[in-house]
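Asks: Just so it is clear, I am handing over entry27.csv, which has CSV, C-alpha atoms.
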```csv
chain,number,residue,atom,x,y,z
A,1,MET,CA,-12.3,-2.5,24.1
A,2,ARG,CA,-8.6,-1.8,23.4
A,3,ALA,CA,-7.5,-0.2,20.1
A,4,SER,CA,-5.2,-3.1,19.5
A,5,ALA,CA,-7.9,-5.7,19.9
A,6,ILE,CA,-10.2,-3.8,17.5
A,7,LEU,CA,-7.3,-3.5,15.1
A,8,ILE,CA,-6.7,-7.3,15.1
A,9,LEU,CA,-10.4,-7.8,14.5
A,10,VAL,CA,-10.6,-5.3,11.6
A,11,VAL,CA,-7.5,-6.8,9.9
A,12,GLY,CA,-8.8,-10.3,10.4
A,13,ILE,CA,-12.1,-9.4,8.8
A,14,LEU,CA,-10.4,-7.7,5.9
A,15,VAL,CA,-8.0,-10.6,5.2
A,16,LEU,CA,-10.7,-13.2,5.3
A,17,PHE,CA,-13.1,-11.2,3.2
A,18,GLY,CA,-10.2,-10.6,0.8
A,19,LEU,CA,-9.7,-14.4,0.4
A,20,VAL,CA,-13.4,-14.9,-0.3
A,21,MET,CA,-13.5,-12.1,-2.9
A,22,LEU,CA,-10.3,-13.2,-4.5
A,23,GLU,CA,-11.7,-16.8,-4.9
A,24,SER,CA,-14.8,-15.3,-6.4
A,25,THR,CA,-13.0,-12.8,-8.7
A,26,SER,CA,-9.9,-14.5,-9.9
A,27,GLY,CA,-11.3,-17.8,-11.4
A,28,PRO,CA,-11.6,-16.7,-15.0
A,29,GLN,CA,-8.0,-15.3,-15.1
A,30,GLY,CA,-6.6,-18.3,-13.3
A,31,GLU,CA,-8.3,-20.7,-15.7
A,32,LYS,CA,-7.2,-18.7,-18.8
A,33,LEU,CA,-3.6,-18.2,-17.8
A,34,PHE,CA,-2.8,-21.3,-15.7
A,35,GLY,CA,-5.6,-23.8,-16.3
A,36,ASN,CA,-6.5,-23.6,-12.6
A,37,PRO,CA,-9.4,-21.3,-11.4
A,38,ASN,CA,-8.0,-21.5,-7.8
A,39,TYR,CA,-4.4,-20.5,-8.9
A,40,PHE,CA,-4.4,-16.9,-7.5
A,41,THR,CA,-6.2,-17.9,-4.3
A,42,GLN,CA,-3.8,-20.7,-3.6
A,43,ARG,CA,-0.8,-18.4,-4.0
A,44,GLN,CA,-2.4,-15.7,-1.8
A,45,VAL,CA,-3.0,-18.3,0.9
A,46,ALA,CA,0.7,-19.2,0.8
A,47,TRP,CA,1.7,-15.5,1.1
A,48,LEU,CA,-0.9,-15.1,3.8
A,49,ALA,CA,0.8,-17.8,5.9
A,50,MET,CA,4.2,-16.1,5.5
A,51,GLY,CA,2.5,-12.7,6.3
A,52,LEU,CA,0.9,-14.0,9.5
A,53,LEU,CA,4.3,-15.5,10.6
A,54,ALA,CA,6.0,-12.1,9.9
A,55,ALA,CA,3.2,-10.3,11.8
A,56,ALA,CA,3.6,-12.7,14.8
A,57,ILE,CA,7.4,-12.1,14.9
A,58,ALA,CA,7.0,-8.3,14.5
A,59,ALA,CA,4.4,-8.2,17.3
A,60,ARG,CA,7.0,-9.9,19.7
A,61,VAL,CA,10.1,-8.1,18.6
A,62,ASP,CA,10.8,-4.7,20.3
A,63,TYR,CA,10.2,-2.1,17.6
A,64,HIS,CA,13.3,-0.3,18.7
A,65,ARG,CA,15.3,-3.1,17.2
A,66,TRP,CA,14.0,-2.2,13.8
A,67,MET,CA,14.9,1.4,14.4
A,68,LYS,CA,18.5,0.4,15.3
A,69,MET,CA,18.7,-1.5,12.0
A,70,ALA,CA,17.3,1.4,10.0
A,71,TRP,CA,20.5,2.3,8.1
A,72,PRO,CA,21.4,-1.3,7.1
A,73,MET,CA,17.8,-1.9,6.1
A,74,LEU,CA,18.0,1.3,4.0
A,75,GLY,CA,21.1,0.0,2.2
A,76,VAL,CA,19.4,-3.4,1.6
A,77,ALA,CA,16.3,-1.7,0.2
A,78,LEU,CA,18.4,0.4,-2.2
A,79,VAL,CA,20.2,-2.7,-3.5
A,80,LEU,CA,17.0,-4.6,-4.0
A,81,LEU,CA,15.4,-1.6,-5.8
A,82,ALA,CA,18.4,-1.4,-8.1
A,83,LEU,CA,18.3,-5.2,-8.8
A,84,VAL,CA,15.0,-4.9,-10.6
A,85,TYR,CA,16.9,-3.3,-13.5
A,86,VAL,CA,19.4,-6.2,-13.7
A,87,PRO,CA,18.6,-8.6,-16.6
A,88,GLY,CA,17.9,-12.1,-15.4
A,89,ILE,CA,17.1,-10.9,-11.9
A,90,GLY,CA,14.6,-8.2,-12.4
A,91,LEU,CA,11.2,-9.0,-14.1
A,92,ASN,CA,9.8,-6.6,-16.7
A,93,LEU,CA,6.0,-6.7,-16.9
A,94,LYS,CA,4.1,-4.3,-19.2
A,95,GLY,CA,7.1,-2.0,-19.4
A,96,SER,CA,7.6,-1.7,-15.6
A,97,HIS,CA,10.6,-3.0,-13.7
A,98,ARG,CA,9.1,-3.6,-10.3
A,99,TRP,CA,9.8,-7.3,-9.4
A,100,ILE,CA,12.7,-9.6,-8.6
A,101,ARG,CA,12.5,-13.2,-9.6
A,102,LEU,CA,12.4,-15.8,-6.8
A,103,PRO,CA,12.5,-19.6,-6.9
A,104,ALA,CA,9.4,-21.6,-7.6
A,105,GLY,CA,8.0,-19.0,-9.9
A,106,LEU,CA,7.5,-16.4,-7.1
A,107,THR,CA,8.3,-12.7,-7.4
A,108,PHE,CA,9.2,-10.1,-4.9
A,109,GLN,CA,8.4,-6.4,-5.2
A,110,PRO,CA,11.1,-4.3,-3.4
A,111,SER,CA,9.0,-1.1,-3.4
A,112,GLU,CA,6.7,-2.8,-0.9
A,113,LEU,CA,9.6,-3.3,1.5
A,114,ALA,CA,10.7,0.3,0.9
A,115,LYS,CA,7.4,1.4,2.5
A,116,PHE,CA,8.4,0.1,5.9
A,117,VAL,CA,12.1,1.0,5.4
A,118,ALA,CA,11.2,4.7,4.8
A,119,ILE,CA,8.9,4.8,7.8
A,120,ASN,CA,11.4,3.2,10.0
A,121,ALA,CA,14.3,5.5,8.9
A,122,LEU,CA,12.2,8.6,9.4
A,123,ALA,CA,11.0,7.4,12.8
A,124,LEU,CA,14.6,6.9,13.9
A,125,TRP,CA,15.8,10.2,12.5
A,126,PHE,CA,13.1,12.4,14.1
A,127,GLY,CA,12.8,10.2,17.2
A,128,THR,CA,16.5,10.8,18.1
A,129,LYS,CA,16.9,14.3,16.6
A,130,ARG,CA,14.0,16.0,18.4
A,131,ARG,CA,16.0,19.1,19.5
A,132,GLU,CA,17.5,19.6,16.1
A,133,ARG,CA,14.5,19.0,13.8
A,134,GLY,CA,13.6,22.6,13.4
A,135,GLY,CA,16.4,23.6,11.1
A,136,PHE,CA,16.6,23.2,7.4
A,137,THR,CA,19.4,20.6,7.2
A,138,ARG,CA,18.2,18.2,9.9
A,139,GLY,CA,14.5,19.0,9.6
A,140,ILE,CA,14.2,18.9,5.8
A,141,LEU,CA,17.4,18.2,3.8
A,142,ILE,CA,18.6,15.0,5.4
A,143,PRO,CA,15.1,13.3,5.8
A,144,ALA,CA,14.3,14.3,2.2
A,145,ALA,CA,17.5,12.7,1.1
A,146,ILE,CA,16.5,9.5,2.9
A,147,LEU,CA,13.2,9.5,1.1
A,148,GLY,CA,14.7,10.6,-2.2
A,149,SER,CA,17.3,7.8,-2.3
A,150,MET,CA,14.5,5.3,-2.6
A,151,LEU,CA,11.9,7.3,-4.5
A,152,GLY,CA,14.4,8.1,-7.2
A,153,LEU,CA,14.8,4.4,-7.9
A,154,ILE,CA,11.0,3.6,-7.5
A,155,VAL,CA,9.8,6.3,-9.9
A,156,PHE,CA,12.0,5.0,-12.7
A,157,GLU,CA,10.6,1.5,-12.4
A,158,THR,CA,8.0,3.1,-13.4
A,159,ASP,CA,5.9,3.0,-10.2
A,160,PHE,CA,4.3,6.4,-9.8
A,161,GLY,CA,1.7,5.0,-7.4
A,162,ALA,CA,4.2,3.8,-4.8
A,163,THR,CA,6.2,7.0,-5.3
A,164,VAL,CA,3.3,9.2,-4.4
A,165,LEU,CA,2.2,6.9,-1.5
A,166,ILE,CA,5.7,6.8,0.1
A,167,GLY,CA,6.4,10.4,-0.6
A,168,ALA,CA,3.1,11.6,0.9
A,169,THR,CA,3.5,9.4,4.0
A,170,GLY,CA,7.0,10.6,4.5
A,171,GLY,CA,5.9,14.2,4.1
A,172,LEU,CA,3.2,13.8,6.7
A,173,MET,CA,5.6,12.2,9.1
A,174,MET,CA,8.0,15.1,8.7
A,175,PHE,CA,5.2,17.5,9.3
A,176,VAL,CA,3.9,15.9,12.5
A,177,ALA,CA,7.5,15.4,13.7
A,178,GLY,CA,7.9,19.2,13.7
A,179,ALA,CA,9.7,19.9,10.4
A,180,PRO,CA,9.3,23.6,9.5
A,181,PHE,CA,6.2,24.1,7.3
A,182,LEU,CA,7.9,27.0,5.5
A,183,TYR,CA,10.6,24.6,4.3
A,184,LEU,CA,8.4,21.6,3.9
A,185,LEU,CA,5.8,23.2,1.6
A,186,PRO,CA,8.3,24.3,-1.1
A,187,ALA,CA,10.0,21.0,-0.9
A,188,GLY,CA,6.7,19.2,-1.4
A,189,LEU,CA,5.8,21.5,-4.3
A,190,LEU,CA,9.2,20.9,-5.9
A,191,ALA,CA,8.8,17.1,-5.6
A,192,ALA,CA,5.2,17.3,-7.0
A,193,GLY,CA,6.4,19.5,-9.9
A,194,GLY,CA,9.2,17.1,-10.8
A,195,LEU,CA,6.8,14.1,-10.7
A,196,GLY,CA,4.3,16.1,-12.8
A,197,ALA,CA,7.0,16.8,-15.4
A,198,MET,CA,7.9,13.1,-15.6
A,199,ILE,CA,4.3,12.2,-16.1
A,200,ALA,CA,4.0,14.8,-18.8
A,201,ARG,CA,6.9,13.3,-20.6
A,202,ASN,CA,5.5,9.8,-20.3
A,203,PRO,CA,2.9,9.2,-23.0
A,204,GLU,CA,1.3,6.3,-21.3
A,205,ARG,CA,0.9,8.1,-17.9
A,206,MET,CA,-0.3,11.3,-19.7
A,207,ASP,CA,-2.9,9.3,-21.5
A,208,ARG,CA,-4.1,8.1,-18.1
A,209,ILE,CA,-4.5,11.6,-16.9
A,210,LEU,CA,-6.5,12.6,-20.0
A,211,ALA,CA,-8.6,9.4,-19.6
A,212,PHE,CA,-9.4,10.4,-16.0
A,213,LEU,CA,-10.5,13.8,-17.2
A,214,GLU,CA,-12.6,12.5,-20.1
A,215,PRO,CA,-13.3,8.8,-19.5
A,216,GLU,CA,-16.1,8.5,-22.1
A,217,LYS,CA,-13.7,9.8,-24.8
A,218,TYR,CA,-11.1,7.1,-23.9
A,219,ALA,CA,-13.6,4.3,-23.1
A,220,GLN,CA,-12.0,1.9,-25.5
A,221,GLY,CA,-8.4,2.8,-24.5
A,222,GLU,CA,-6.9,4.1,-21.3
A,223,ALA,CA,-10.3,4.5,-19.6
A,224,PHE,CA,-11.4,0.9,-20.4
A,225,GLN,CA,-10.8,-0.4,-16.9
A,226,LEU,CA,-12.3,2.6,-15.2
A,227,MET,CA,-15.5,2.5,-17.3
A,228,ASN,CA,-16.0,-1.2,-16.7
A,229,ALA,CA,-15.4,-0.6,-13.0
A,230,LEU,CA,-18.1,2.0,-13.0
A,231,TYR,CA,-20.4,-0.4,-14.9
A,232,ALA,CA,-19.7,-2.9,-12.1
A,233,PHE,CA,-20.9,-0.5,-9.4
A,234,VAL,CA,-24.0,0.3,-11.5
A,235,ALA,CA,-24.8,-3.3,-12.1
A,236,GLY,CA,-24.4,-4.1,-8.4
A,237,GLY,CA,-26.7,-1.5,-7.1
A,238,ALA,CA,-27.7,-1.6,-3.5
A,239,THR,CA,-27.6,-5.3,-2.9
A,240,GLY,CA,-25.3,-6.7,-5.6
A,241,VAL,CA,-25.9,-9.4,-8.2
A,242,GLY,CA,-24.7,-12.2,-5.9
A,243,LEU,CA,-21.3,-13.6,-4.8
A,244,GLY,CA,-19.6,-15.2,-7.7
A,245,LYS,CA,-22.0,-13.8,-10.3
A,246,SER,CA,-20.0,-10.8,-11.6
A,247,LEU,CA,-20.0,-10.3,-15.3
A,248,GLN,CA,-17.2,-7.7,-15.3
A,249,LYS,CA,-14.6,-10.1,-13.9
A,250,ARG,CA,-15.0,-12.2,-17.1
A,251,PHE,CA,-12.3,-10.3,-18.9
A,252,TYR,CA,-14.2,-7.0,-19.2
A,253,LEU,CA,-12.1,-5.8,-16.2
A,254,PRO,CA,-8.6,-7.3,-16.8
A,255,GLU,CA,-7.2,-6.4,-13.3
A,256,ALA,CA,-10.3,-7.5,-11.4
A,257,HIS,CA,-8.4,-9.6,-8.9
A,258,THR,CA,-5.7,-7.0,-8.2
A,259,ASP,CA,-6.1,-3.2,-8.4
A,260,PHE,CA,-9.8,-3.2,-9.3
A,261,ILE,CA,-11.2,-5.9,-6.9
A,262,PHE,CA,-13.2,-3.2,-5.0
A,263,ALA,CA,-15.4,-2.8,-8.2
A,264,ILE,CA,-16.2,-6.5,-8.1
A,265,ILE,CA,-17.1,-6.2,-4.4
A,266,GLY,CA,-19.6,-3.4,-5.4
A,267,GLU,CA,-21.0,-5.5,-8.3
A,268,GLU,CA,-21.4,-8.8,-6.4
A,269,LEU,CA,-22.3,-7.6,-2.9
A,270,GLY,CA,-23.6,-4.1,-3.5
A,271,VAL,CA,-23.3,-0.7,-1.9
A,272,ALA,CA,-23.6,-2.1,1.7
A,273,ALA,CA,-20.5,-4.2,1.3
A,274,SER,CA,-18.6,-1.4,-0.4
A,275,VAL,CA,-19.4,1.0,2.4
A,276,GLY,CA,-18.6,-1.7,4.9
A,277,VAL,CA,-15.0,-2.1,3.5
A,278,VAL,CA,-14.6,1.7,3.7
A,279,LEU,CA,-15.8,1.7,7.3
A,280,LEU,CA,-13.3,-1.0,8.2
A,281,PHE,CA,-10.4,1.1,6.9
A,282,VAL,CA,-11.7,4.1,8.8
A,283,ALA,CA,-11.7,1.9,11.9
A,284,PHE,CA,-8.2,0.8,11.1
A,285,LEU,CA,-7.1,4.5,10.8
A,286,LEU,CA,-8.7,5.4,14.1
A,287,CYS,CA,-7.1,2.5,15.9
A,288,GLY,CA,-3.7,3.2,14.4
A,289,LEU,CA,-3.9,6.8,15.4
A,290,ARG,CA,-5.0,5.8,18.9
A,291,ILE,CA,-1.9,3.5,19.2
A,292,SER,CA,0.3,6.2,17.9
A,293,GLY,CA,-1.0,8.7,20.5
A,294,ARG,CA,-0.3,6.3,23.3
A,295,ALA,CA,3.2,5.1,22.1
A,296,ALA,CA,6.0,5.0,24.7
A,297,ASP,CA,8.3,7.4,22.9
A,298,ALA,CA,8.6,9.8,20.0
A,299,GLY,CA,10.1,7.2,17.6
A,300,GLY,CA,7.2,4.8,18.4
A,301,ARG,CA,4.6,7.5,17.9
A,302,LEU,CA,6.1,8.4,14.5
A,303,MET,CA,6.4,4.8,13.4
A,304,ALA,CA,2.8,4.0,14.3
A,305,PHE,CA,1.6,7.1,12.6
A,306,GLY,CA,3.6,6.3,9.5
A,307,ILE,CA,2.3,2.7,9.3
A,308,THR,CA,-1.3,3.8,9.9
A,309,ILE,CA,-1.2,6.6,7.4
A,310,LEU,CA,0.5,4.6,4.7
A,311,ILE,CA,-2.0,1.7,4.8
A,312,SER,CA,-5.0,4.0,5.1
A,313,LEU,CA,-3.8,6.3,2.4
A,314,GLN,CA,-3.2,3.3,0.1
A,315,ALA,CA,-6.7,2.1,0.6
A,316,ALA,CA,-8.1,5.6,0.0
A,317,ILE,CA,-6.1,6.0,-3.3
A,318,ASN,CA,-7.2,2.5,-4.5
A,319,ILE,CA,-10.8,3.2,-3.8
A,320,GLY,CA,-10.5,6.7,-5.3
A,321,VAL,CA,-9.1,5.2,-8.5
A,322,VAL,CA,-11.7,2.5,-8.8
A,323,THR,CA,-14.6,4.9,-8.3
A,324,GLY,CA,-13.1,7.4,-10.8
A,325,ARG,CA,-12.2,10.0,-8.2
A,326,LEU,CA,-8.4,9.7,-8.9
A,327,PRO,CA,-6.3,8.9,-12.0
A,328,THR,CA,-5.4,5.3,-12.4
A,329,LYS,CA,-2.4,4.1,-10.3
A,330,GLY,CA,-1.1,0.6,-9.7
A,331,LEU,CA,-1.8,0.3,-6.0
A,332,PRO,CA,-3.6,-2.8,-4.6
A,333,LEU,CA,-6.3,-2.6,-1.9
A,334,PRO,CA,-4.5,-3.5,1.3
A,335,PHE,CA,-5.4,-7.0,2.7
A,336,ILE,CA,-7.9,-7.7,-0.1
A,337,SER,CA,-6.2,-7.4,-3.6
A,338,PHE,CA,-4.1,-10.2,-4.9
A,339,GLY,CA,-0.4,-9.5,-4.3
A,340,GLY,CA,1.9,-11.6,-2.2
A,341,THR,CA,4.6,-9.1,-1.3
A,342,SER,CA,2.1,-6.4,-0.5
A,343,LEU,CA,0.1,-8.7,1.8
A,344,MET,CA,3.1,-10.0,3.6
A,345,VAL,CA,4.7,-6.6,4.2
A,346,THR,CA,1.4,-5.0,5.2
A,347,LEU,CA,0.8,-7.8,7.8
A,348,PHE,CA,4.4,-7.3,9.0
A,349,MET,CA,3.7,-3.6,9.6
A,350,VAL,CA,0.5,-4.5,11.5
A,351,GLY,CA,2.6,-6.7,13.7
A,352,VAL,CA,5.0,-3.7,14.4
A,353,LEU,CA,2.0,-1.6,15.1
A,354,LEU,CA,0.8,-4.1,17.7
A,355,ASN,CA,4.2,-4.2,19.3
A,356,ILE,CA,4.1,-0.4,19.7
A,357,ALA,CA,0.6,-0.7,21.2
A,358,ARG,CA,1.9,-3.4,23.7
A,359,GLN,CA,4.8,-1.2,24.9
A,360,GLY,CA,2.6,1.9,25.1
A,361,GLY,CA,0.0,0.1,27.2
A,362,GLY,CA,-2.4,-0.6,24.3
A,363,MET,CA,-2.5,-4.4,24.7
A,364,PRO,CA,-1.5,-7.0,27.2
A,365,LYS,CA,2.2,-7.9,27.4
A,366,LEU,CA,3.2,-11.2,25.7
A,367,ARG,CA,4.9,-13.8,27.7
A,368,SER,CA,8.6,-14.3,26.9
```
Any chance you could give the structure as structure tokens?

Replies:
Amino acid sequence: MRASAILILVVGILVLFGLVMLESTSGPQGEKLFGNPNYFTQRQVAWLAMGLLAAAIAARVDYHRWMKMAWPMLGVALVLLALVYVPGIGLNLKGSHRWIRLPAGLTFQPSELAKFVAINALALWFGTKRRERGGFTRGILIPAAILGSMLGLIVFETDFGATVLIGATGGLMMFVAGAPFLYLLPAGLLAAGGLGAMIARNPERMDRILAFLEPEKYAQGEAFQLMNALYAFVAGGATGVGLGKSLQKRFYLPEAHTDFIFAIIGEELGVAASVGVVLLFVAFLLCGLRISGRAADAGGRLMAFGITILISLQAAINIGVVTGRLPTKGLPLPFISFGGTSLMVTLFMVGVLLNIARQGGGMPKLRS
């Protein structure tokens, strides 16, 4: 069975399972905030429709076209990232400037778009500069500037989760593209040090680190969600309490339908379902790496690698946070958590991945 076919199957299962879990999880919040227990599911379905359309288009459009538009797309992404700070256009929620207001009460999160833009720009740069990527300027300085132009805006939103995710993905892409490790390591340490200094100067983020280290001590404060997520796993046990029967989703776990939906999966459906979700993401990773290895050119290999690593790493970080293995970060579980922009952009990237597979011999060619 082709890697692309398995990839489609895996993504389909994750998306459909996500809708089921979102319907099961989001009812109390929807009823409380909007008087409609199906509110979040209905919005997710609308975004899913747009995401499937974006994926279908991306699967048919030659991925080289996205690479040719890499620099204009980078400019657009920078403008959108800057607009989140403009009063009346940007939306400030819980002290974070991450969203742009859209008509009909919708919002758009530019950092989600920045994920693909960063991957696309690096794939173009290293795909066309193969003979020159071993030096400091072209191998490190310029690609780091490409990443830094976006990450600088994202980190001040404040979205440390997306900053870490995009930065790590970009660093791995640079490494596999042949950037000198002796240059890459100090650059990575410098970036990590700068991010650590920003966290240390941010009381809220520093409290999250302390809560991660001593969750029982901060159980009624910063570790409240983590402790209730762990309670959910304990309550679920091996088989779960039953679909729709979660206690933690009833306001004990405030972000149950977004960043912490994996905990409700564990509570309602048990260890087997939780492990099943992990295995599906492992299958996604293996399929994506297979597609990357069979891509038609260096740019395609890097783009497929970047997309695969970003989505897989985001899933790993989310699961690590929910299970208490990592400090709390605001990253949704791909394909499953509520989040329209995230779902649409992620499905679009899957479409690009399928186009790379088609041109590399990984799936049958589509009729024109």

Asks: May I have a table of the residues of region 171-200 of chain A lying at most 10 Å from region 111-126 of chain A, giving each one's closest pair of atoms and their distance in Å to one decimal, counting only C-alpha atoms, ordered by chain and ascending residue number, as a Markdown table?

Replies:
```
| residue | atom | partner | partner_atom | distance |
| --- | --- | --- | --- | --- |
| A:Gly171 | CA | A:Leu122 | CA | 10.0 |
| A:Met173 | CA | A:Leu122 | CA | 7.5 |
| A:Met174 | CA | A:Leu122 | CA | 7.8 |
| A:Val176 | CA | A:Phe126 | CA | 10.0 |
| A:Ala177 | CA | A:Phe126 | CA | 6.4 |
| A:Gly178 | CA | A:Phe126 | CA | 8.6 |
| A:Ala179 | CA | A:Phe126 | CA | 9.0 |
```

Asks: Any idea what's packed within 8 Å of region 292-297 of chain A, counting all atoms listed in the file, ignoring anything in its chain fewer than 3 positions away? Could you give it as a list of chain:residue names?

Replies: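 These residues fall inside the cut-off: A:Gly127, A:Gly288, A:Leu289, A:Gly300, A:Arg301, A:Leu302, A:Met303, A:Ala304, A:Phe305, A:Ile356, A:Ala357, A:Gln359, A:Gly360, A:Gly361, A:Gly362.
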
Asks: Go ahead and save the residues from that selection, with C-alpha atoms, as a short mmCIF file (atom, residue, chain, number, x, y, z; two decimals), keeping the file's coordinate frame.

Replies:
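Just written: part-v2.cif:
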```cif
data_model
loop_
_atom_site.label_atom_id
_atom_site.label_comp_id
_atom_site.auth_asym_id
_atom_site.auth_seq_id
_atom_site.Cartn_x
_atom_site.Cartn_y
_atom_site.Cartn_z
CA GLY A 127 12.80 10.20 17.20
CA GLY A 288 -3.70 3.20 14.40
CA LEU A 289 -3.90 6.80 15.40
CA GLY A 300 7.20 4.80 18.40
CA ARG A 301 4.60 7.50 17.90
CA LEU A 302 6.10 8.40 14.50
CA MET A 303 6.40 4.80 13.40
CA ALA A 304 2.80 4.00 14.30
CA PHE A 305 1.60 7.10 12.60
CA ILE A 356 4.10 -0.40 19.70
CA ALA A 357 0.60 -0.70 21.20
CA GLN A 359 4.80 -1.20 24.90
CA GLY A 360 2.60 1.90 25.10
CA GLY A 361 0.00 0.10 27.20
CA GLY A 362 -2.40 -0.60 24.30
#
```

Asks: For region 23-28 of chain A, work out the shell of residues within 9 Å, counting all atoms listed in the file and skipping chain neighbours fewer than 3 positions away, then give it as a compact mmCIF listing (two decimals) with C-alpha atoms, keeping the file's coordinate frame.

Replies:
```
# COMPACT_ATOMS: atom_id res chain seq x y z
CA GLY A 18 -10.20 -10.60 0.80
CA LEU A 19 -9.70 -14.40 0.40
CA VAL A 20 -13.40 -14.90 -0.30
CA GLU A 31 -8.30 -20.70 -15.70
CA LYS A 32 -7.20 -18.70 -18.80
CA LEU A 33 -3.60 -18.20 -17.80
CA ASN A 36 -6.50 -23.60 -12.60
CA PRO A 37 -9.40 -21.30 -11.40
CA ASN A 38 -8.00 -21.50 -7.80
CA TYR A 39 -4.40 -20.50 -8.90
CA PHE A 40 -4.40 -16.90 -7.50
CA THR A 41 -6.20 -17.90 -4.30
CA GLN A 42 -3.80 -20.70 -3.60
CA LEU A 243 -21.30 -13.60 -4.80
CA GLY A 244 -19.60 -15.20 -7.70
CA LYS A 245 -22.00 -13.80 -10.30
CA SER A 246 -20.00 -10.80 -11.60
CA LYS A 249 -14.60 -10.10 -13.90
CA ARG A 250 -15.00 -12.20 -17.10
CA PHE A 251 -12.30 -10.30 -18.90
CA ALA A 256 -10.30 -7.50 -11.40
CA HIS A 257 -8.40 -9.60 -8.90
CA THR A 258 -5.70 -7.00 -8.20
CA ILE A 261 -11.20 -5.90 -6.90
CA ILE A 264 -16.20 -6.50 -8.10
CA ILE A 265 -17.10 -6.20 -4.40
CA PHE A 338 -4.10 -10.20 -4.90
```

Asks: Got a sec: who's within 10 Å of Leu182 (chain A), counting only C-alpha atoms, leaving out chain neighbours fewer than 4 positions off, as a PyMOL selection string?

Replies: chain A and resi 136+186-187

Asks: Pick from A:Ser342, A:Ala273, A:Val10, A:Glu267: nearest to Pro110 (chain A), with all atoms listed in the file counted?

Replies: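 Answer, going by the shortest atom-to-atom distance: A:Ser342.
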
Asks: Which residues are near Ala59 (chain A)? Cut-off 6 Å, all atoms listed in the file, ignore same chain within fewer than 5 positions. Put them as a VMD selection string.

Replies: chain A and resid 351 to 352 354 to 355

Asks: Which is closer to Leu333 (chain A) than all the others in A:Gly320, A:Gly240, A:Gly270, A:Gly35, using all atoms listed in the file?

Replies: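 The closest residue to Leu333 (chain A) is A:Gly320.
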
Asks: Using all atoms listed in the file, pick whichever of A:Ala54, A:Ala82, A:Ala5, A:Leu313 has the shortest atom-to-atom distance to Ala168 (chain A).

Replies: A:Leu313

Asks: In Å, how far is it from CA of Trp47 (chain A) to CA of Leu331 (chain A)?

Replies: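 Taking CA of Trp47 (chain A) and CA of Leu331 (chain A), their separation equals 17.7 Å.
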
Asks: Expressed in Å to a single decimal, how great is the separation between CA of Ala315 (chain A) and CA of Leu353 (chain A)?

Replies: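 Spanning CA of Ala315 (chain A) to CA of Leu353 (chain A) is a straight-line distance of 17.3 Å.
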
Asks: Considering all atoms listed in the file, can you say which of A:Leu102, A:Ala229, A:Leu83, A:Leu247 comes closest to Gly324 (chain A)?

Replies: A:Ala229

Asks: Which of these, A:Ile307, A:Leu16, A:Gly170, A:Gln220, has the shortest distance to Ile146 (chain A) once you count all atoms listed in the file?

Replies: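 Closest residue, counting all atoms listed in the file: A:Gly170.
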
Asks: With only C-alpha atoms as the basis for distance, which of A:Ile199, A:Phe224, A:Val15, A:Leu78 is at the shortest distance from Leu48 (chain A)?

Replies: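 Between A:Ile199, A:Phe224, A:Val15, A:Leu78, the residue approaching Leu48 (chain A) most closely is A:Val15.
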
Asks: List the neighbours of Met50 (chain A) out to 12 Å using all atoms listed in the file; skip same-chain residues closer than 4 positions along the sequence, and give me the result as JSON, numbers by chain.

Replies: {"A": [43, 44, 45, 46, 54, 55, 56, 57, 340, 341, 342, 343, 344, 345, 346, 347, 348]}

Asks: Quick one: distance from CA of Ile209 (chain A) to CA of Ser96 (chain A) in Å, one decimal?

Replies: 18.0 Å

Asks: Dump as a ChimeraX atom specification all residues having an atom at most 12 Å from (-15.2, 11.5, -18.9), computed in the file's coordinates with all atoms listed in the file.

Replies: /A:208-219,222-224,226-227,230,324-325,327

Asks: With C-alpha atoms retained, could you export that selection as a JSON list (two decimals), in the frame of the given file?

Replies:
```
[["chain", "number", "residue", "atom", "x", "y", "z"],
["A", 208, "ARG", "CA", -4.10, 8.10, -18.10],
["A", 209, "ILE", "CA", -4.50, 11.60, -16.90],
["A", 210, "LEU", "CA", -6.50, 12.60, -20.00],
["A", 211, "ALA", "CA", -8.60, 9.40, -19.60],
["A", 212, "PHE", "CA", -9.40, 10.40, -16.00],
["A", 213, "LEU", "CA", -10.50, 13.80, -17.20],
["A", 214, "GLU", "CA", -12.60, 12.50, -20.10],
["A", 215, "PRO", "CA", -13.30, 8.80, -19.50],
["A", 216, "GLU", "CA", -16.10, 8.50, -22.10],
["A", 217, "LYS", "CA", -13.70, 9.80, -24.80],
["A", 218, "TYR", "CA", -11.10, 7.10, -23.90],
["A", 219, "ALA", "CA", -13.60, 4.30, -23.10],
["A", 222, "GLU", "CA", -6.90, 4.10, -21.30],
["A", 223, "ALA", "CA", -10.30, 4.50, -19.60],
["A", 224, "PHE", "CA", -11.40, 0.90, -20.40],
["A", 226, "LEU", "CA", -12.30, 2.60, -15.20],
["A", 227, "MET", "CA", -15.50, 2.50, -17.30],
["A", 230, "LEU", "CA", -18.10, 2.00, -13.00],
["A", 324, "GLY", "CA", -13.10, 7.40, -10.80],
["A", 325, "ARG", "CA", -12.20, 10.00, -8.20],
["A", 327, "PRO", "CA", -6.30, 8.90, -12.00]]
```

Asks: Using all atoms listed in the file, list the residues that have an atom at most 8 Å from (-27.6, -6.6, -4.1), coordinates as in the file, as a list in words.

Replies: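 The residues near that point, listed by chain and number, are Gly236, Gly237, Ala238, Thr239, Gly240, Val241, Gly242, Glu267, Glu268, Leu269, Gly270 and Val271 of chain A.
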